[in-house]
file coords-v8.pdb (PDB, C-alpha atoms, pLDDT in the B column)
ATOM      1  CA  MET N 998     -47.829-227.615 -19.516  1.00 86.00           C
ATOM      2  CA  THR N 999     -48.003-223.989 -18.483  1.00 89.00           C
ATOM      3  CA  GLY N1000     -47.782-220.758 -20.375  1.00 91.00           C
ATOM      4  CA  ASN N1001     -48.812-217.151 -20.617  1.00 94.00           C
ATOM      5  CA  HIS N1002     -51.394-216.298 -23.235  1.00 95.00           C
ATOM      6  CA  GLU N1003     -53.310-213.294 -24.529  1.00 96.00           C
ATOM      7  CA  THR N1004     -56.489-213.103 -26.581  1.00 96.00           C
ATOM      8  CA  SER N1005     -58.876-210.346 -27.659  1.00 96.00           C
ATOM      9  CA  ARG N1006     -62.659-210.516 -27.450  1.00 96.00           C
ATOM     10  CA  SER N1007     -65.776-208.399 -27.655  1.00 95.00           C
ATOM     11  CA  ALA N1008     -68.717-208.389 -25.278  1.00 94.00           C
ATOM     12  CA  GLU N1009     -72.066-206.658 -25.054  1.00 94.00           C
ATOM     13  CA  VAL N1010     -72.337-204.913 -21.709  1.00 94.00           C
ATOM     14  CA  THR N1011     -75.490-203.244 -20.395  1.00 91.00           C
ATOM     15  CA  LEU N1012     -75.130-200.601 -17.679  1.00 90.00           C
ATOM     16  CA  ASP N1013     -77.927-198.314 -16.512  1.00 87.00           C
ATOM     17  CA  GLY N1014     -80.126-199.335 -19.460  1.00 88.00           C
ATOM     18  CA  GLN N1015     -77.448-198.504 -22.036  1.00 88.00           C
ATOM     19  CA  THR N1016     -75.830-201.268 -24.100  1.00 91.00           C
ATOM     20  CA  TYR N1017     -72.196-201.000 -25.121  1.00 93.00           C
ATOM     21  CA  LEU N1018     -69.983-203.161 -27.285  1.00 95.00           C
ATOM     22  CA  VAL N1019     -66.697-203.507 -25.432  1.00 95.00           C
ATOM     23  CA  ASP N1020     -63.494-204.733 -27.065  1.00 96.00           C
ATOM     24  CA  TYR N1021     -61.057-206.103 -24.521  1.00 97.00           C
ATOM     25  CA  THR N1022     -57.846-208.076 -24.175  1.00 97.00           C
ATOM     26  CA  ILE N1023     -57.440-210.767 -21.576  1.00 97.00           C
ATOM     27  CA  ASN N1024     -54.047-212.163 -20.656  1.00 96.00           C
ATOM     28  CA  GLY N1025     -52.911-214.539 -18.000  1.00 96.00           C
ATOM     29  CA  SER N1026     -51.215-217.754 -17.006  1.00 95.00           C
ATOM     30  CA  CYS N1027     -52.740-221.078 -18.116  1.00 95.00           C
ATOM     31  CA  TYR N1028     -51.916-224.672 -17.213  1.00 94.00           C
ATOM     32  CA  TYR N1029     -52.931-228.127 -18.388  1.00 93.00           C
ATOM     33  CA  ASP N1030     -52.119-231.647 -17.188  1.00 92.00           C
ATOM     34  CA  PRO N1031     -53.523-234.387 -19.445  1.00 89.00           C
ATOM     35  CA  GLY N1032     -53.764-236.730 -16.466  1.00 91.00           C
ATOM     36  CA  LYS N1033     -53.006-240.416 -16.525  1.00 91.00           C
ATOM     37  CA  LEU N1034     -55.914-242.598 -17.540  1.00 90.00           C
ATOM     38  CA  SER N1035     -54.352-246.033 -17.824  1.00 91.00           C
ATOM     39  CA  GLY N1036     -52.297-248.296 -15.615  1.00 91.00           C
ATOM     40  CA  PRO N1037     -52.779-249.253 -11.988  1.00 92.00           C
ATOM     41  CA  PRO N1038     -55.683-247.305 -10.395  1.00 91.00           C
ATOM     42  CA  GLU N1039     -53.421-245.872  -7.693  1.00 92.00           C
ATOM     43  CA  ASP N1040     -51.294-244.200 -10.404  1.00 90.00           C
ATOM     44  CA  CYS N1041     -54.214-242.736 -12.411  1.00 92.00           C
ATOM     45  CA  TYR N1042     -55.676-239.257 -12.141  1.00 93.00           C
ATOM     46  CA  PRO N1043     -58.000-237.140 -14.302  1.00 93.00           C
ATOM     47  CA  PRO N1044     -56.975-234.303 -16.618  1.00 92.00           C
ATOM     48  CA  ASP N1045     -56.793-230.862 -15.037  1.00 93.00           C
ATOM     49  CA  GLY N1046     -56.406-227.394 -16.478  1.00 94.00           C
ATOM     50  CA  GLY N1047     -57.378-223.786 -16.134  1.00 93.00           C
ATOM     51  CA  VAL N1048     -56.198-220.259 -15.608  1.00 95.00           C
ATOM     52  CA  GLU N1049     -54.157-219.350 -12.546  1.00 92.00           C
ATOM     53  CA  ASP N1050     -54.557-215.589 -12.883  1.00 94.00           C
ATOM     54  CA  TYR N1051     -55.562-213.090 -15.534  1.00 96.00           C
ATOM     55  CA  GLU N1052     -56.150-209.427 -16.188  1.00 96.00           C
ATOM     56  CA  ILE N1053     -58.468-207.554 -18.513  1.00 97.00           C
ATOM     57  CA  LYS N1054     -57.634-204.399 -20.466  1.00 96.00           C
ATOM     58  CA  ILE N1055     -60.395-202.417 -22.149  1.00 95.00           C
ATOM     59  CA  ASP N1056     -59.424-201.651 -25.768  1.00 95.00           C
ATOM     60  CA  GLY N1057     -62.525-199.762 -26.912  1.00 94.00           C
ATOM     61  CA  VAL N1058     -66.122-198.947 -26.041  1.00 94.00           C
ATOM     62  CA  PHE N1059     -68.740-198.519 -28.777  1.00 94.00           C
ATOM     63  CA  GLY N1060     -72.393-197.482 -28.768  1.00 89.00           C
ATOM     64  CA  ASP N1061     -75.350-199.109 -30.506  1.00 80.00           C
ATOM     65  CA  ASP N1062     -74.452-197.177 -33.651  1.00 82.00           C
ATOM     66  CA  GLY N1063     -70.959-198.719 -33.728  1.00 83.00           C
ATOM     67  CA  LEU N1064     -69.226-195.411 -33.082  1.00 86.00           C
ATOM     68  CA  PRO N1065     -66.583-195.152 -30.355  1.00 88.00           C
ATOM     69  CA  ILE N1066     -67.723-193.652 -27.071  1.00 85.00           C
ATOM     70  CA  VAL N1067     -65.166-191.317 -25.576  1.00 72.00           C
ATOM     71  CA  GLU N1068     -66.760-188.715 -23.314  1.00 74.00           C
ATOM     72  CA  ASP N1069     -69.648-190.598 -21.674  1.00 76.00           C
ATOM     73  CA  ALA N1070     -68.099-194.065 -21.500  1.00 77.00           C
ATOM     74  CA  PRO N1071     -68.611-195.945 -18.248  1.00 86.00           C
ATOM     75  CA  SER N1072     -65.553-196.486 -16.082  1.00 89.00           C
ATOM     76  CA  ASN N1073     -63.271-199.387 -16.957  1.00 91.00           C
ATOM     77  CA  ASP N1074     -63.902-200.852 -13.488  1.00 93.00           C
ATOM     78  CA  LYS N1075     -67.649-201.071 -14.150  1.00 93.00           C
ATOM     79  CA  LEU N1076     -67.115-202.572 -17.597  1.00 94.00           C
ATOM     80  CA  ILE N1077     -64.632-205.142 -16.296  1.00 95.00           C
ATOM     81  CA  ALA N1078     -66.987-206.102 -13.447  1.00 95.00           C
ATOM     82  CA  GLU N1079     -69.722-206.843 -16.003  1.00 94.00           C
ATOM     83  CA  ILE N1080     -67.342-208.754 -18.290  1.00 95.00           C
ATOM     84  CA  GLU N1081     -66.155-210.891 -15.370  1.00 95.00           C
ATOM     85  CA  LYS N1082     -69.725-212.091 -14.740  1.00 94.00           C
ATOM     86  CA  ASP N1083     -69.266-214.251 -17.864  1.00 92.00           C
ATOM     87  CA  ASP N1084     -66.002-215.785 -16.490  1.00 93.00           C
ATOM     88  CA  PRO N1085     -63.607-214.647 -19.224  1.00 94.00           C
ATOM     89  CA  SER N1086     -60.917-217.014 -17.921  1.00 94.00           C
ATOM     90  CA  ASN N1087     -62.734-219.766 -19.845  1.00 94.00           C
ATOM     91  CA  TYR N1088     -62.180-217.868 -23.103  1.00 94.00           C
ATOM     92  CA  LEU N1089     -58.513-217.414 -22.279  1.00 95.00           C
ATOM     93  CA  PHE N1090     -58.051-221.112 -21.499  1.00 95.00           C
ATOM     94  CA  GLU N1091     -59.884-222.259 -24.662  1.00 93.00           C
ATOM     95  CA  SER N1092     -57.851-219.859 -26.805  1.00 94.00           C
ATOM     96  CA  TRP N1093     -54.623-221.108 -25.220  1.00 94.00           C
ATOM     97  CA  LEU N1094     -55.530-224.739 -25.934  1.00 92.00           C
ATOM     98  CA  GLU N1095     -56.531-223.921 -29.525  1.00 91.00           C
ATOM     99  CA  ALA N1096     -53.215-222.131 -30.060  1.00 90.00           C
ATOM    100  CA  GLY N1097     -51.393-225.329 -29.089  1.00 81.00           C
ATOM    101  CA  PRO N1098     -49.549-224.627 -25.867  1.00 65.00           C
ATOM    102  CA  ASP N1099     -45.861-225.275 -26.114  1.00 60.00           C
ATOM    103  CA  GLU N1100     -44.011-227.501 -23.745  1.00 48.00           C
ATOM    104  CA  PRO N1101     -42.353-225.444 -21.023  1.00 45.00           C
ATOM    105  CA  ASP N1102     -38.797-224.353 -21.607  1.00 41.00           C
ATOM    106  CA  TYR N1103     -36.360-225.965 -19.244  1.00 38.00           C
ATOM    107  CA  PRO N1104     -32.797-224.711 -18.792  1.00 41.00           C
ATOM    108  CA  ASP N1105     -30.149-226.850 -20.417  1.00 43.00           C
ATOM    109  CA  ASP N1106     -28.235-229.049 -18.033  1.00 42.00           C
ATOM    110  CA  GLU N1107     -24.787-227.716 -18.752  1.00 44.00           C
ATOM    111  CA  GLY N1108     -22.353-228.189 -15.941  1.00 38.00           C
TER
END
call {"tool": "encode", "arguments": {"input": "coords-v8.pdb", "output": "structure tokens"}}
result
Amino acid sequence: MTGNHETSRSAEVTLDGQTYLVDYTINGSCYYDPGKLSGPPEDCYPPDGGVEDYEIKIDGVFGDDGLPIVEDAPSNDKLIAEIEKDDPSNYLFESWLEAGPDEPDYPDDEG
């Protein structure tokens, strides 16, 4: 199974001694193969899944007081670099599995 998915999250990010609450959206392409766990050993293989690629979009940056930071907000690149230290692709993959990935759409065989 493969599919594109999007989920929103929040993360605490500390830069230069200042802590920010960052709302962000992560979207990307996920895949999952349940594997084959029974039958002849030569035909069996373990489950496999993950995220092939993803991107992060910053939706909002808030200070300790919960108010939006507009003028002195760190750059999106710095915020994303800190968010990526926590491997957000795991959150995307878990959200995709929880949402119940659909079977891929295949074109009808109409001749």
call {"tool": "closest_atom_pairs", "arguments": {"input": "coords-v8.pdb", "of": "region 1063-1103 of chain N", "to": "region 1031-1052 of chain N", "cutoff": "12 Å", "atoms": "all atoms listed in the file", "output": "Markdown table"}}
result
| residue | atom | partner | partner_atom | distance |
| --- | --- | --- | --- | --- |
| N:Asp1074 | CA | N:Glu1052 | CA | 11.9 |
| N:Ile1077 | CA | N:Glu1052 | CA | 9.5 |
| N:Ala1078 | CA | N:Glu1052 | CA | 11.7 |
| N:Ile1080 | CA | N:Glu1052 | CA | 11.4 |
| N:Glu1081 | CA | N:Glu1052 | CA | 10.1 |
| N:Asp1084 | CA | N:Val1048 | CA | 10.8 |
| N:Pro1085 | CA | N:Tyr1051 | CA | 9.0 |
| N:Ser1086 | CA | N:Val1048 | CA | 6.2 |
| N:Asn1087 | CA | N:Gly1047 | CA | 7.7 |
| N:Tyr1088 | CA | N:Val1048 | CA | 9.9 |
| N:Leu1089 | CA | N:Val1048 | CA | 7.6 |
| N:Phe1090 | CA | N:Gly1047 | CA | 6.0 |
| N:Glu1091 | CA | N:Gly1047 | CA | 9.0 |
| N:Ser1092 | CA | N:Val1048 | CA | 11.3 |
| N:Trp1093 | CA | N:Val1048 | CA | 9.8 |
| N:Leu1094 | CA | N:Gly1046 | CA | 9.9 |
| N:Pro1098 | CA | N:Gly1046 | CA | 12.0 |
call {"tool": "residues_around", "arguments": {"input": "coords-v8.pdb", "residues": "region 1054-1064 of chain N", "least_positions_apart": "3", "cutoff": "9 Å", "atoms": "all atoms listed in the file", "output": "list in words"}}
result
Ser1005, Gln1015, Thr1016, Tyr1017, Leu1018, Val1019, Asp1020, Tyr1021, Thr1022, Ile1023, Asn1024, Val1067, Ala1070, Pro1071, Asn1073, Leu1076 and Ile1077 of chain N
call {"tool": "resolve_selection", "arguments": {"input": "coords-v8.pdb", "expression": "the PyMOL selection byres ((chain N and resi 999) around 6)", "output": "list in words"}}
result
Met998, Gly1000, Cys1027 and Tyr1028 of chain N
call {"tool": "atom_distance", "arguments": {"input": "coords-v8.pdb", "atom1": "CA of Gly1025 (chain N)", "atom2": "CA of Ile1053 (chain N)"}}
result
8.9 Å
call {"tool": "atom_distance", "arguments": {"input": "coords-v8.pdb", "atom1": "CA of Glu1079 (chain N)", "atom2": "CA of Gly1097 (chain N)"}}
result
29.1 Å
call {"tool": "closest_residue", "arguments": {"input": "coords-v8.pdb", "among": "N:Asp1083, N:Glu1095, N:Asp1069, N:Asp1030", "to": "Ser1007 (chain N)", "atoms": "all atoms listed in the file"}}
result
N:Asp1083
call {"tool": "atom_distance", "arguments": {"input": "coords-v8.pdb", "atom1": "CA of Thr1011 (chain N)", "atom2": "CA of Pro1065 (chain N)"}}
result
15.6 Å
